[in-house]
$ cat my_file.cif   # mmCIF, C-alpha atoms
data_my_file
loop_
_atom_site.label_atom_id
_atom_site.label_comp_id
_atom_site.auth_asym_id
_atom_site.auth_seq_id
_atom_site.Cartn_x
_atom_site.Cartn_y
_atom_site.Cartn_z
CA MET Z 1 0.00 0.00 0.00
CA LYS Z 2 1.15 3.53 -0.84
CA LYS Z 3 0.16 6.47 1.35
CA ILE Z 4 -1.30 9.32 -0.70
CA GLN Z 5 -3.10 12.63 -0.22
CA VAL Z 6 -6.74 12.85 -1.35
CA GLY Z 7 -9.66 15.23 -1.26
CA ILE Z 8 -12.18 13.03 0.54
CA THR Z 9 -15.95 13.44 0.80
CA ARG Z 10 -17.51 12.01 3.98
CA LYS Z 11 -21.14 13.08 3.47
CA PRO Z 12 -23.03 14.22 0.36
CA ASP Z 13 -23.18 17.83 1.55
CA ALA Z 14 -19.81 17.88 3.36
CA PRO Z 15 -16.84 19.94 2.18
CA TYR Z 16 -13.77 18.28 0.73
CA GLU Z 17 -11.26 17.24 3.39
CA ILE Z 18 -7.64 16.78 2.38
CA THR Z 19 -6.31 13.75 4.21
CA GLU Z 20 -4.12 10.66 3.87
CA VAL Z 21 -5.33 7.26 2.67
CA GLU Z 22 -3.72 4.08 1.35
CA LEU Z 23 -3.58 3.21 -2.33
CA ALA Z 24 -3.24 -0.39 -3.53
CA GLU Z 25 -0.39 -1.41 -5.83
CA PRO Z 26 -1.23 -1.67 -9.54
CA LYS Z 27 -2.36 -5.12 -10.67
CA SER Z 28 -2.14 -6.67 -14.11
CA GLY Z 29 -3.32 -4.18 -16.72
CA GLU Z 30 -3.06 -1.18 -14.37
CA VAL Z 31 -0.72 1.77 -13.94
CA LEU Z 32 0.19 4.00 -11.00
CA VAL Z 33 0.12 7.68 -11.92
CA LYS Z 34 1.39 10.70 -10.00
CA ASN Z 35 -1.39 13.17 -10.64
CA VAL Z 36 -0.48 16.66 -11.81
CA ALA Z 37 -3.95 18.15 -12.34
CA CYS Z 38 -7.65 17.35 -12.13
CA GLY Z 39 -10.62 19.23 -13.52
CA LEU Z 40 -13.66 19.97 -11.37
CA CYS Z 41 -16.90 18.99 -13.07
CA HIS Z 42 -20.60 19.06 -12.25
CA THR Z 43 -20.50 15.28 -12.50
CA ASP Z 44 -18.41 15.25 -9.32
CA GLU Z 45 -21.25 17.06 -7.54
CA PHE Z 46 -23.70 14.59 -9.10
CA GLY Z 47 -21.53 11.78 -7.70
CA ARG Z 48 -22.23 13.01 -4.19
CA THR Z 49 -25.97 12.44 -4.64
CA ILE Z 50 -26.25 8.96 -6.16
CA GLY Z 51 -25.95 6.91 -2.98
CA LEU Z 52 -22.32 5.83 -3.14
CA ARG Z 53 -20.95 4.50 0.12
CA MET Z 54 -19.04 7.17 1.99
CA PRO Z 55 -16.26 8.10 2.39
CA LEU Z 56 -15.66 8.77 -1.29
CA VAL Z 57 -12.83 10.22 -3.36
CA LEU Z 58 -14.18 12.03 -6.41
CA GLY Z 59 -12.33 13.34 -9.46
CA HIS Z 60 -12.70 12.03 -12.99
CA GLU Z 61 -10.71 14.47 -15.14
CA GLY Z 62 -7.21 13.54 -14.04
CA ALA Z 63 -3.86 13.87 -15.77
CA GLY Z 64 -0.37 13.03 -14.59
CA ILE Z 65 2.88 11.13 -15.04
CA VAL Z 66 3.22 7.35 -14.97
CA GLU Z 67 5.21 6.16 -11.95
CA GLN Z 68 4.72 2.39 -12.17
CA VAL Z 69 3.44 -0.01 -14.81
CA GLY Z 70 1.71 -3.23 -13.80
CA PRO Z 71 2.09 -6.60 -15.54
CA GLY Z 72 0.52 -6.95 -18.96
CA VAL Z 73 0.52 -3.25 -19.81
CA HIS Z 74 1.75 -2.36 -23.28
CA GLY Z 75 2.41 1.04 -24.83
CA LEU Z 76 2.94 2.88 -21.55
CA GLU Z 77 6.21 3.49 -19.72
CA VAL Z 78 7.36 5.19 -16.54
CA GLY Z 79 7.63 8.91 -17.24
CA ASP Z 80 4.88 9.04 -19.84
CA HIS Z 81 2.42 11.92 -19.56
CA VAL Z 82 -1.15 10.65 -19.53
CA ALA Z 83 -4.75 11.80 -19.31
CA PHE Z 84 -7.54 9.74 -17.74
CA SER Z 85 -11.05 9.27 -19.05
CA TYR Z 86 -14.11 7.18 -18.24
CA ALA Z 87 -13.73 3.54 -17.16
CA THR Z 88 -14.88 0.62 -19.30
CA CYS Z 89 -15.10 -3.16 -18.95
CA GLY Z 90 -13.30 -3.87 -22.23
CA TYR Z 91 -15.23 -7.05 -22.98
CA CYS Z 92 -18.91 -6.19 -23.61
CA LYS Z 93 -20.32 -5.99 -27.14
CA ASN Z 94 -20.06 -2.22 -27.33
CA CYS Z 95 -16.49 -2.12 -26.02
CA ILE Z 96 -15.19 -4.71 -28.45
CA SER Z 97 -17.06 -3.12 -31.37
CA GLY Z 98 -15.27 0.20 -30.85
CA LYS Z 99 -17.96 2.04 -28.87
CA PRO Z 100 -16.52 2.14 -25.33
CA TYR Z 101 -18.58 5.26 -24.54
CA TYR Z 102 -21.61 2.95 -24.53
CA CYS Z 103 -19.98 0.24 -22.42
CA LEU Z 104 -22.82 -1.93 -21.11
CA ASN Z 105 -21.20 -1.83 -17.68
CA PHE Z 106 -20.54 1.93 -17.73
CA ASN Z 107 -22.74 2.87 -14.78
CA ALA Z 108 -21.60 0.00 -12.58
CA ILE Z 109 -17.92 0.81 -13.13
CA ASN Z 110 -17.97 4.61 -13.16
CA PHE Z 111 -20.67 5.19 -10.55
CA GLY Z 112 -20.36 2.00 -8.52
CA GLY Z 113 -17.58 3.05 -6.16
CA VAL Z 114 -15.11 0.48 -7.47
CA SER Z 115 -12.64 -0.03 -10.30
CA ALA Z 116 -13.25 -2.16 -13.38
CA ASP Z 117 -12.19 -5.29 -11.46
CA GLY Z 118 -15.00 -4.76 -8.95
CA GLU Z 119 -12.69 -3.67 -6.15
CA THR Z 120 -11.66 -0.34 -4.69
CA LYS Z 121 -8.01 0.74 -4.72
CA LEU Z 122 -8.42 3.11 -1.76
CA PHE Z 123 -8.44 2.41 1.97
CA GLU Z 124 -8.51 4.48 5.15
CA GLN Z 125 -7.20 2.71 8.23
CA GLY Z 126 -7.89 -0.59 6.51
CA LYS Z 127 -11.48 0.25 5.58
CA PRO Z 128 -12.53 0.64 1.93
CA VAL Z 129 -13.03 4.08 0.41
CA SER Z 130 -15.31 4.44 -2.60
CA MET Z 131 -13.83 5.34 -5.97
CA PHE Z 132 -15.20 7.41 -8.86
CA PHE Z 133 -14.88 6.74 -12.60
CA GLY Z 134 -12.24 4.12 -11.85
CA GLN Z 135 -9.67 6.83 -11.07
CA SER Z 136 -10.59 9.09 -8.10
CA SER Z 137 -8.15 11.68 -9.37
CA LEU Z 138 -8.72 14.33 -6.70
CA ALA Z 139 -5.63 12.79 -5.20
CA SER Z 140 -1.86 12.92 -5.37
CA HIS Z 141 -1.80 9.49 -7.07
CA SER Z 142 -4.21 7.11 -8.81
CA VAL Z 143 -4.16 3.49 -9.89
CA VAL Z 144 -6.02 3.28 -13.19
CA ASN Z 145 -6.73 0.55 -15.71
CA ALA Z 146 -4.49 1.14 -18.73
CA ARG Z 147 -7.58 1.00 -21.00
CA ASN Z 148 -8.65 4.32 -19.56
CA VAL Z 149 -5.29 6.06 -19.78
CA VAL Z 150 -4.29 8.08 -22.83
CA LYS Z 151 -0.65 8.84 -23.57
CA VAL Z 152 -0.32 12.53 -24.40
CA ASP Z 153 2.16 15.08 -25.71
CA LYS Z 154 4.74 16.00 -23.06
CA GLU Z 155 5.01 19.53 -24.44
CA VAL Z 156 1.48 20.46 -23.35
CA ASP Z 157 0.58 21.58 -19.82
CA LEU Z 158 -1.27 18.71 -18.14
CA ALA Z 159 -3.60 21.21 -16.47
CA MET Z 160 -4.89 22.10 -19.95
CA ILE Z 161 -5.30 18.44 -20.88
CA ALA Z 162 -6.96 17.16 -17.67
CA PRO Z 163 -10.55 18.29 -18.43
CA PHE Z 164 -10.42 16.77 -21.91
CA GLY Z 165 -11.29 13.40 -20.33
CA CYS Z 166 -14.91 14.32 -19.64
CA GLY Z 167 -16.41 17.80 -19.99
CA ILE Z 168 -14.35 19.01 -22.92
CA GLN Z 169 -14.74 15.86 -25.00
CA THR Z 170 -18.45 15.74 -24.15
CA GLY Z 171 -19.18 19.20 -25.55
CA SER Z 172 -16.84 19.16 -28.52
CA GLY Z 173 -17.56 15.51 -29.29
CA ALA Z 174 -21.30 16.19 -29.48
CA VAL Z 175 -20.50 18.40 -32.45
CA LEU Z 176 -17.52 16.72 -34.09
CA ASN Z 177 -18.30 13.05 -33.43
CA VAL Z 178 -22.10 13.00 -33.40
CA LEU Z 179 -23.65 15.88 -35.33
CA LYS Z 180 -20.79 16.30 -37.82
CA PRO Z 181 -22.26 19.48 -39.30
CA GLU Z 182 -21.60 20.66 -42.82
CA MET Z 183 -19.98 24.06 -43.35
CA ASP Z 184 -23.26 25.64 -44.51
CA GLU Z 185 -25.21 24.43 -41.45
CA THR Z 186 -26.14 26.27 -38.26
CA ILE Z 187 -26.06 25.41 -34.57
CA ALA Z 188 -27.22 26.93 -31.27
CA ILE Z 189 -25.51 26.14 -27.97
CA PHE Z 190 -27.61 26.71 -24.85
CA GLY Z 191 -25.50 27.31 -21.74
CA CYS Z 192 -21.99 28.78 -21.71
CA GLY Z 193 -20.23 26.67 -19.11
CA ALA Z 194 -17.28 24.41 -19.89
CA VAL Z 195 -19.33 21.89 -21.89
CA GLY Z 196 -21.11 24.62 -23.85
CA MET Z 197 -17.89 26.48 -24.60
CA SER Z 198 -16.34 23.21 -25.77
CA ALA Z 199 -19.27 22.69 -28.12
CA ILE Z 200 -18.77 26.22 -29.47
CA MET Z 201 -15.09 25.52 -30.12
CA GLY Z 202 -16.03 22.25 -31.80
CA ALA Z 203 -18.54 24.02 -34.03
CA ALA Z 204 -15.85 26.54 -34.99
CA VAL Z 205 -13.49 23.70 -35.91
CA ALA Z 206 -16.28 22.18 -38.03
CA GLY Z 207 -16.74 25.53 -39.79
CA CYS Z 208 -20.46 25.96 -39.09
CA GLU Z 209 -21.93 28.93 -40.94
CA LYS Z 210 -23.67 30.30 -37.84
CA ILE Z 211 -22.83 29.41 -34.23
CA ILE Z 212 -25.27 30.94 -31.75
CA ALA Z 213 -24.35 31.02 -28.05
CA VAL Z 214 -27.32 31.36 -25.68
CA GLY Z 215 -26.76 32.32 -22.05
CA GLY Z 216 -27.44 34.86 -19.34
CA ASN Z 217 -23.95 36.11 -18.47
CA ALA Z 218 -22.65 38.97 -20.61
CA ASN Z 219 -19.00 38.16 -19.90
CA SER Z 220 -19.46 34.52 -20.84
CA LEU Z 221 -21.21 35.50 -24.06
CA LYS Z 222 -18.35 37.84 -24.90
CA LEU Z 223 -15.90 34.98 -24.40
CA ALA Z 224 -18.10 32.72 -26.54
CA MET Z 225 -17.52 35.11 -29.43
CA GLU Z 226 -13.75 34.86 -28.88
CA LEU Z 227 -14.02 31.08 -28.99
CA GLY Z 228 -15.88 30.97 -32.28
CA ALA Z 229 -19.52 31.95 -31.83
CA THR Z 230 -20.85 34.13 -34.64
CA HIS Z 231 -23.89 35.38 -32.69
CA THR Z 232 -24.99 35.55 -29.05
CA VAL Z 233 -28.42 35.68 -27.44
CA ASN Z 234 -28.68 36.93 -23.87
CA ARG Z 235 -31.78 35.18 -22.55
CA LYS Z 236 -32.13 37.91 -19.89
CA GLU Z 237 -32.31 40.68 -22.46
CA VAL Z 238 -34.54 39.31 -25.23
CA ASP Z 239 -38.28 38.74 -24.97
CA ASP Z 240 -38.35 35.61 -27.12
CA VAL Z 241 -35.19 33.46 -27.46
CA VAL Z 242 -36.75 31.15 -30.03
CA ALA Z 243 -37.97 33.98 -32.28
CA THR Z 244 -34.56 35.65 -32.05
CA ILE Z 245 -32.78 32.51 -33.21
CA HIS Z 246 -35.27 32.01 -36.04
CA ASP Z 247 -34.65 35.61 -37.12
CA ILE Z 248 -30.87 35.12 -37.09
CA THR Z 249 -31.05 31.94 -39.16
CA GLY Z 250 -34.09 32.58 -41.33
CA GLY Z 251 -36.07 29.63 -40.01
CA GLY Z 252 -34.20 27.91 -37.20
CA VAL Z 253 -30.91 26.12 -36.66
CA ASN Z 254 -30.03 22.71 -38.02
CA TYR Z 255 -28.73 21.64 -34.61
CA ALA Z 256 -29.18 22.64 -30.97
CA ILE Z 257 -27.26 21.50 -27.91
CA ASP Z 258 -28.44 22.16 -24.37
CA THR Z 259 -25.85 22.08 -21.60
CA SER Z 260 -27.91 23.84 -18.93
CA GLY Z 261 -30.33 21.14 -17.79
CA ASN Z 262 -32.97 23.85 -17.39
CA GLY Z 263 -36.43 22.80 -18.63
CA THR Z 264 -37.18 26.14 -20.27
CA MET Z 265 -33.77 26.20 -22.00
CA ILE Z 266 -34.27 22.64 -23.25
CA LEU Z 267 -37.69 23.51 -24.67
CA ASN Z 268 -36.24 26.61 -26.32
CA ALA Z 269 -33.47 24.48 -27.81
CA ILE Z 270 -36.06 22.15 -29.33
CA ARG Z 271 -38.17 24.98 -30.71
CA SER Z 272 -35.13 26.81 -32.07
CA THR Z 273 -34.39 24.05 -34.56
CA ALA Z 274 -35.67 24.07 -38.09
CA TYR Z 275 -37.78 21.34 -39.67
CA HIS Z 276 -35.93 18.02 -39.31
CA GLY Z 277 -33.48 19.53 -36.84
CA THR Z 278 -31.53 17.60 -34.22
CA ILE Z 279 -31.33 18.38 -30.52
CA ILE Z 280 -28.79 16.95 -28.07
CA PRO Z 281 -29.39 17.45 -24.32
CA LEU Z 282 -26.10 17.07 -22.44
CA ALA Z 283 -26.99 17.86 -18.81
CA PRO Z 284 -28.17 14.92 -16.63
CA THR Z 285 -31.16 16.97 -15.41
CA GLY Z 286 -34.08 18.83 -16.86
CA VAL Z 287 -37.86 18.50 -16.77
CA ILE Z 288 -40.19 20.04 -19.35
CA ASP Z 289 -43.76 20.70 -18.24
CA SER Z 290 -46.65 20.18 -20.67
CA PHE Z 291 -44.47 18.95 -23.51
CA ASP Z 292 -46.38 17.79 -26.61
CA ILE Z 293 -44.06 15.37 -28.37
CA GLY Z 294 -46.45 15.14 -31.32
CA SER Z 295 -46.39 18.81 -32.27
CA GLU Z 296 -42.89 19.61 -30.98
CA VAL Z 297 -41.04 16.58 -32.34
CA LEU Z 298 -43.02 14.28 -34.63
CA MET Z 299 -44.78 16.86 -36.81
CA GLN Z 300 -41.54 18.85 -37.10
CA MET Z 301 -39.57 15.66 -37.89
CA ARG Z 302 -37.05 16.59 -35.20
CA THR Z 303 -34.64 14.21 -33.51
CA ILE Z 304 -33.78 14.37 -29.80
CA LYS Z 305 -30.69 12.26 -29.19
CA GLY Z 306 -29.11 11.23 -25.92
CA ILE Z 307 -25.36 10.62 -26.02
CA ASP Z 308 -22.55 9.80 -23.61
CA GLU Z 309 -19.10 11.43 -23.43
CA GLY Z 310 -19.59 13.03 -26.84
CA GLU Z 311 -19.28 9.52 -28.33
CA SER Z 312 -15.55 10.03 -27.89
CA ASN Z 313 -13.05 7.19 -27.89
CA PRO Z 314 -10.45 8.92 -25.70
CA GLN Z 315 -7.50 6.99 -27.12
CA PHE Z 316 -8.07 8.66 -30.47
CA TYR Z 317 -10.08 11.77 -29.67
CA ILE Z 318 -8.00 13.34 -26.88
CA PRO Z 319 -4.82 13.41 -29.03
CA LYS Z 320 -6.86 15.10 -31.79
CA LEU Z 321 -8.03 17.80 -29.37
CA ILE Z 322 -4.45 18.32 -28.18
CA ARG Z 323 -3.30 18.79 -31.78
CA LEU Z 324 -6.08 21.33 -32.38
CA TYR Z 325 -5.08 23.13 -29.17
CA LYS Z 326 -1.43 23.30 -30.24
CA GLU Z 327 -2.53 24.67 -33.63
CA GLY Z 328 -4.53 27.42 -31.91
CA ARG Z 329 -7.83 26.08 -33.24
CA PHE Z 330 -9.18 24.86 -29.90
CA PRO Z 331 -8.20 27.53 -27.31
CA VAL Z 332 -9.26 25.64 -24.19
CA ASP Z 333 -6.80 27.66 -22.09
CA LYS Z 334 -9.22 30.60 -22.33
CA ILE Z 335 -11.83 28.79 -20.20
CA ILE Z 336 -9.51 27.21 -17.59
CA THR Z 337 -8.60 28.71 -14.21
CA LYS Z 338 -6.03 26.91 -12.08
CA TYR Z 339 -6.14 26.48 -8.30
CA PRO Z 340 -3.72 24.68 -5.97
CA PHE Z 341 -4.96 21.37 -4.58
CA ARG Z 342 -4.93 22.76 -1.06
CA ASP Z 343 -7.67 25.20 -2.19
CA LEU Z 344 -9.87 22.38 -3.50
CA GLU Z 345 -12.94 23.31 -1.48
CA ALA Z 346 -12.65 26.99 -2.39
CA ALA Z 347 -12.21 26.13 -6.08
CA ARG Z 348 -15.45 24.15 -5.91
CA TYR Z 349 -17.43 27.38 -5.50
CA ARG Z 350 -15.45 29.79 -7.66
CA GLN Z 351 -17.50 31.41 -10.41
CA VAL Z 352 -15.26 30.37 -13.28
CA ILE Z 353 -15.97 28.42 -16.42
CA LYS Z 354 -13.59 25.54 -15.74
CA ALA Z 355 -11.67 25.10 -12.50
CA VAL Z 356 -8.63 22.81 -12.54
CA VAL Z 357 -6.73 21.95 -9.37
CA THR Z 358 -3.01 21.32 -9.62
CA MET Z 359 -1.10 19.04 -7.26
CA ASP Z 360 2.31 19.80 -5.75
#
$ encode --input "my_file.cif" --output "structure tokens"
Amino acid sequence: MKKIQVGITRKPDAPYEITEVELAEPKSGEVLVKNVACGLCHTDEFGRTIGLRMPLVLGHEGAGIVEQVGPGVHGLEVGDHVAFSYATCGYCKNCISGKPYYCLNFNAINFGGVSADGETKLFEQGKPVSMFFGQSSLASHSVVNARNVVKVDKEVDLAMIAPFGCGIQTGSGAVLNVLKPEMDETIAIFGCGAVGMSAIMGAAVAGCEKIIAVGGNANSLKLAMELGATHTVNRKEVDDVVATIHDITGGGVNYAIDTSGNGTMILNAIRSTAYHGTIIPLAPTGVIDSFDIGSEVLMQMRTIKGIDEGESNPQFYIPKLIRLYKEGRFPVDKIITKYPFRDLEAARYRQVIKAVVTMD
């Protein structure tokens, strides 16, 4: 067992507590990583509420440097820089057919408090501590299955890369991997947090003719324009968001993505699309009252599609995002604010687009 520092959660509403726990040695197919950075994501807050046994170590957007390689690991060496992403079983139909983002055991592994082998790697005074996403990267070190580790460019700051493993690939992947818009098509992004901004950057990479950012924060909307939006709609300043988008596009957007989880925003996203448009809701919340699927979806021939992790295969997609970042085409550094690990609890409540904690 290796003694490590973690940000532990003891109750769903409790603050993070930085303390020492024990970390198991890597088994066959696993690697030990000294963590350098970890993004903070709304999914971590969601993880507090789903009934996992406490105590719990959250964190699922980790990045670091390989310290030890377990038996049977190929393609990774001590000293490699790596990013983590979601955990998978590696043997179900979807995994072996190249769709790990729809692993049939996804929920059990990522939200079950254990690693892919069904066991936790973390212990406090001999008692098990629950894991998250098979990595629990709000920690000085993690033991992770090599399937869920991506070797990355050593020239790039790991604090920039860390959030690629979930939020960034979710937003950008929704555009680049799922919608795959043509250059003459239009898109509206509802919500200008990290996932929404990532979708905007993805739409800019795709070359969409019109990219409309919808939000309620003037500063965020200004940044959205810097990241690639062609138009913005401040929902607090216009009387009718849907009519405004239809005016901008001459009949509605081809695609709409909601990242807010707000029922009104989701309904506006649906109604903002043109005939035969496609809507992707990305937040794990959202209730629409009095929704008529016949008139809102069927008669308009619209598609509402649920997706996971932007349908991103991290082994291939994260290196692509890093290349785009290095080329200046995916300026993720503009949405990231760094905080030291010791300020983890304070960073949790900072009003920034993407907080990333960095370890010493």
$ residues_around --input "my_file.cif" --residues "segment 284-300 of chain Z" --least-positions-apart "4" --cutoff "10 Å" --atoms "all atoms listed in the file" --output "count of residues only"
22
$ residues_around --input "my_file.cif" --residues "Lys326 of chain Z" --least-positions-apart "5" --cutoff "10 Å" --atoms "all atoms listed in the file" --output "PyMOL selection string"
chain Z and resi 155-156+320-321+331
$ closest_atom_pairs --input "my_file.cif" --of "segment 275-307 of chain Z" --to "segment 179-189 of chain Z" --cutoff "12 Å" --atoms "all atoms listed in the file" --output "tab-separated table"
residue	atom	partner	partner_atom	distance
Z:Gly277	CA	Z:Ile187	CA	9.7
Z:Thr278	CA	Z:Leu179	CA	8.1
Z:Ile279	CA	Z:Leu179	CA	9.4
Z:Ile280	CA	Z:Leu179	CA	9.0
Z:Pro281	CA	Z:Ile189	CA	10.2
Z:Leu282	CA	Z:Ile189	CA	10.6
Z:Thr303	CA	Z:Leu179	CA	11.3
Z:Ile304	CA	Z:Leu179	CA	11.6
Z:Lys305	CA	Z:Leu179	CA	10.0
Z:Gly306	CA	Z:Leu179	CA	11.8
Z:Ile307	CA	Z:Leu179	CA	10.8
$ write_last_selection --input "my_file.cif" --atoms "C-alpha atoms" --output "tab-separated table (two decimals), in the coordinates of the input"
chain	number	residue	atom	x	y	z
Z	277	GLY	CA	-33.48	19.53	-36.84
Z	278	THR	CA	-31.53	17.60	-34.22
Z	279	ILE	CA	-31.33	18.38	-30.52
Z	280	ILE	CA	-28.79	16.95	-28.07
Z	281	PRO	CA	-29.39	17.45	-24.32
Z	282	LEU	CA	-26.10	17.07	-22.44
Z	303	THR	CA	-34.64	14.21	-33.51
Z	304	ILE	CA	-33.78	14.37	-29.80
Z	305	LYS	CA	-30.69	12.26	-29.19
Z	306	GLY	CA	-29.11	11.23	-25.92
Z	307	ILE	CA	-25.36	10.62	-26.02
$ resolve_selection --input "my_file.cif" --expression "the PyMOL selection byres ((chain Z and resi 309) around 10)" --output "number ranges by chain"
Z: 85-86, 100-102, 165-174, 282, 307-308, 310-314
$ write_last_selection --input "my_file.cif" --atoms "C-alpha atoms" --output "PDB file, in the coordinates of the input"
ATOM      1  CA  SER Z  85     -11.050   9.270 -19.050  1.00  0.00           C
ATOM      2  CA  TYR Z  86     -14.110   7.180 -18.240  1.00  0.00           C
ATOM      3  CA  PRO Z 100     -16.520   2.140 -25.330  1.00  0.00           C
ATOM      4  CA  TYR Z 101     -18.580   5.260 -24.540  1.00  0.00           C
ATOM      5  CA  TYR Z 102     -21.610   2.950 -24.530  1.00  0.00           C
ATOM      6  CA  GLY Z 165     -11.290  13.400 -20.330  1.00  0.00           C
ATOM      7  CA  CYS Z 166     -14.910  14.320 -19.640  1.00  0.00           C
ATOM      8  CA  GLY Z 167     -16.410  17.800 -19.990  1.00  0.00           C
ATOM      9  CA  ILE Z 168     -14.350  19.010 -22.920  1.00  0.00           C
ATOM     10  CA  GLN Z 169     -14.740  15.860 -25.000  1.00  0.00           C
ATOM     11  CA  THR Z 170     -18.450  15.740 -24.150  1.00  0.00           C
ATOM     12  CA  GLY Z 171     -19.180  19.200 -25.550  1.00  0.00           C
ATOM     13  CA  SER Z 172     -16.840  19.160 -28.520  1.00  0.00           C
ATOM     14  CA  GLY Z 173     -17.560  15.510 -29.290  1.00  0.00           C
ATOM     15  CA  ALA Z 174     -21.300  16.190 -29.480  1.00  0.00           C
ATOM     16  CA  LEU Z 282     -26.100  17.070 -22.440  1.00  0.00           C
ATOM     17  CA  ILE Z 307     -25.360  10.620 -26.020  1.00  0.00           C
ATOM     18  CA  ASP Z 308     -22.550   9.800 -23.610  1.00  0.00           C
ATOM     19  CA  GLY Z 310     -19.590  13.030 -26.840  1.00  0.00           C
ATOM     20  CA  GLU Z 311     -19.280   9.520 -28.330  1.00  0.00           C
ATOM     21  CA  SER Z 312     -15.550  10.030 -27.890  1.00  0.00           C
ATOM     22  CA  ASN Z 313     -13.050   7.190 -27.890  1.00  0.00           C
ATOM     23  CA  PRO Z 314     -10.450   8.920 -25.700  1.00  0.00           C
TER      24      PRO Z 314
END
$ atom_distance --input "my_file.cif" --atom1 "atom CA of Ile257 of chain Z" --atom2 "atom CA of Leu221 of chain Z"
15.7 Å
$ decode --input "my_file.cif" --residues "segment 197-210 of chain Z" --atoms "N, CA, C and O atoms" --output "CSV table (one decimal), in the first residue's frame"
chain,number,residue,atom,x,y,z
Z,197,MET,N,-19.0,25.8,-23.9
Z,197,MET,CA,-17.9,26.5,-24.6
Z,197,MET,C,-17.1,25.5,-25.5
Z,197,MET,O,-16.6,25.8,-26.5
Z,198,SER,N,-17.0,24.3,-25.0
Z,198,SER,CA,-16.3,23.2,-25.8
Z,198,SER,C,-17.1,22.9,-27.0
Z,198,SER,O,-16.5,22.7,-28.1
Z,199,ALA,N,-18.4,22.9,-26.9
Z,199,ALA,CA,-19.3,22.7,-28.1
Z,199,ALA,C,-19.1,23.8,-29.1
Z,199,ALA,O,-19.0,23.6,-30.3
Z,200,ILE,N,-19.0,25.1,-28.6
Z,200,ILE,CA,-18.8,26.2,-29.5
Z,200,ILE,C,-17.4,26.1,-30.2
Z,200,ILE,O,-17.4,26.3,-31.4
Z,201,MET,N,-16.4,25.7,-29.5
Z,201,MET,CA,-15.1,25.5,-30.1
Z,201,MET,C,-15.1,24.4,-31.1
Z,201,MET,O,-14.5,24.5,-32.2
Z,202,GLY,N,-15.9,23.3,-30.8
Z,202,GLY,CA,-16.0,22.2,-31.8
Z,202,GLY,C,-16.8,22.7,-33.0
Z,202,GLY,O,-16.4,22.3,-34.2
Z,203,ALA,N,-17.8,23.5,-32.9
Z,203,ALA,CA,-18.5,24.0,-34.0
Z,203,ALA,C,-17.7,24.9,-34.9
Z,203,ALA,O,-17.8,24.9,-36.1
Z,204,ALA,N,-16.8,25.7,-34.2
Z,204,ALA,CA,-15.9,26.5,-35.0
Z,204,ALA,C,-14.9,25.7,-35.8
Z,204,ALA,O,-14.6,26.0,-36.9
Z,205,VAL,N,-14.4,24.6,-35.2
Z,205,VAL,CA,-13.5,23.7,-35.9
Z,205,VAL,C,-14.2,23.1,-37.1
Z,205,VAL,O,-13.6,23.0,-38.2
Z,206,ALA,N,-15.5,22.8,-36.9
Z,206,ALA,CA,-16.3,22.2,-38.0
Z,206,ALA,C,-16.6,23.2,-39.1
Z,206,ALA,O,-16.9,22.8,-40.2
Z,207,GLY,N,-16.5,24.5,-38.8
Z,207,GLY,CA,-16.7,25.5,-39.8
Z,207,GLY,C,-18.2,25.8,-40.0
Z,207,GLY,O,-18.6,26.3,-41.1
Z,208,CYS,N,-19.0,25.7,-39.0
Z,208,CYS,CA,-20.5,26.0,-39.1
Z,208,CYS,C,-20.7,27.4,-39.6
Z,208,CYS,O,-20.0,28.3,-39.1
Z,209,GLU,N,-21.7,27.6,-40.4
Z,209,GLU,CA,-21.9,28.9,-40.9
Z,209,GLU,C,-22.3,29.9,-39.8
Z,209,GLU,O,-21.9,31.1,-39.8
Z,210,LYS,N,-23.2,29.5,-39.0
Z,210,LYS,CA,-23.7,30.3,-37.8
Z,210,LYS,C,-23.6,29.5,-36.5
Z,210,LYS,O,-24.1,28.4,-36.5
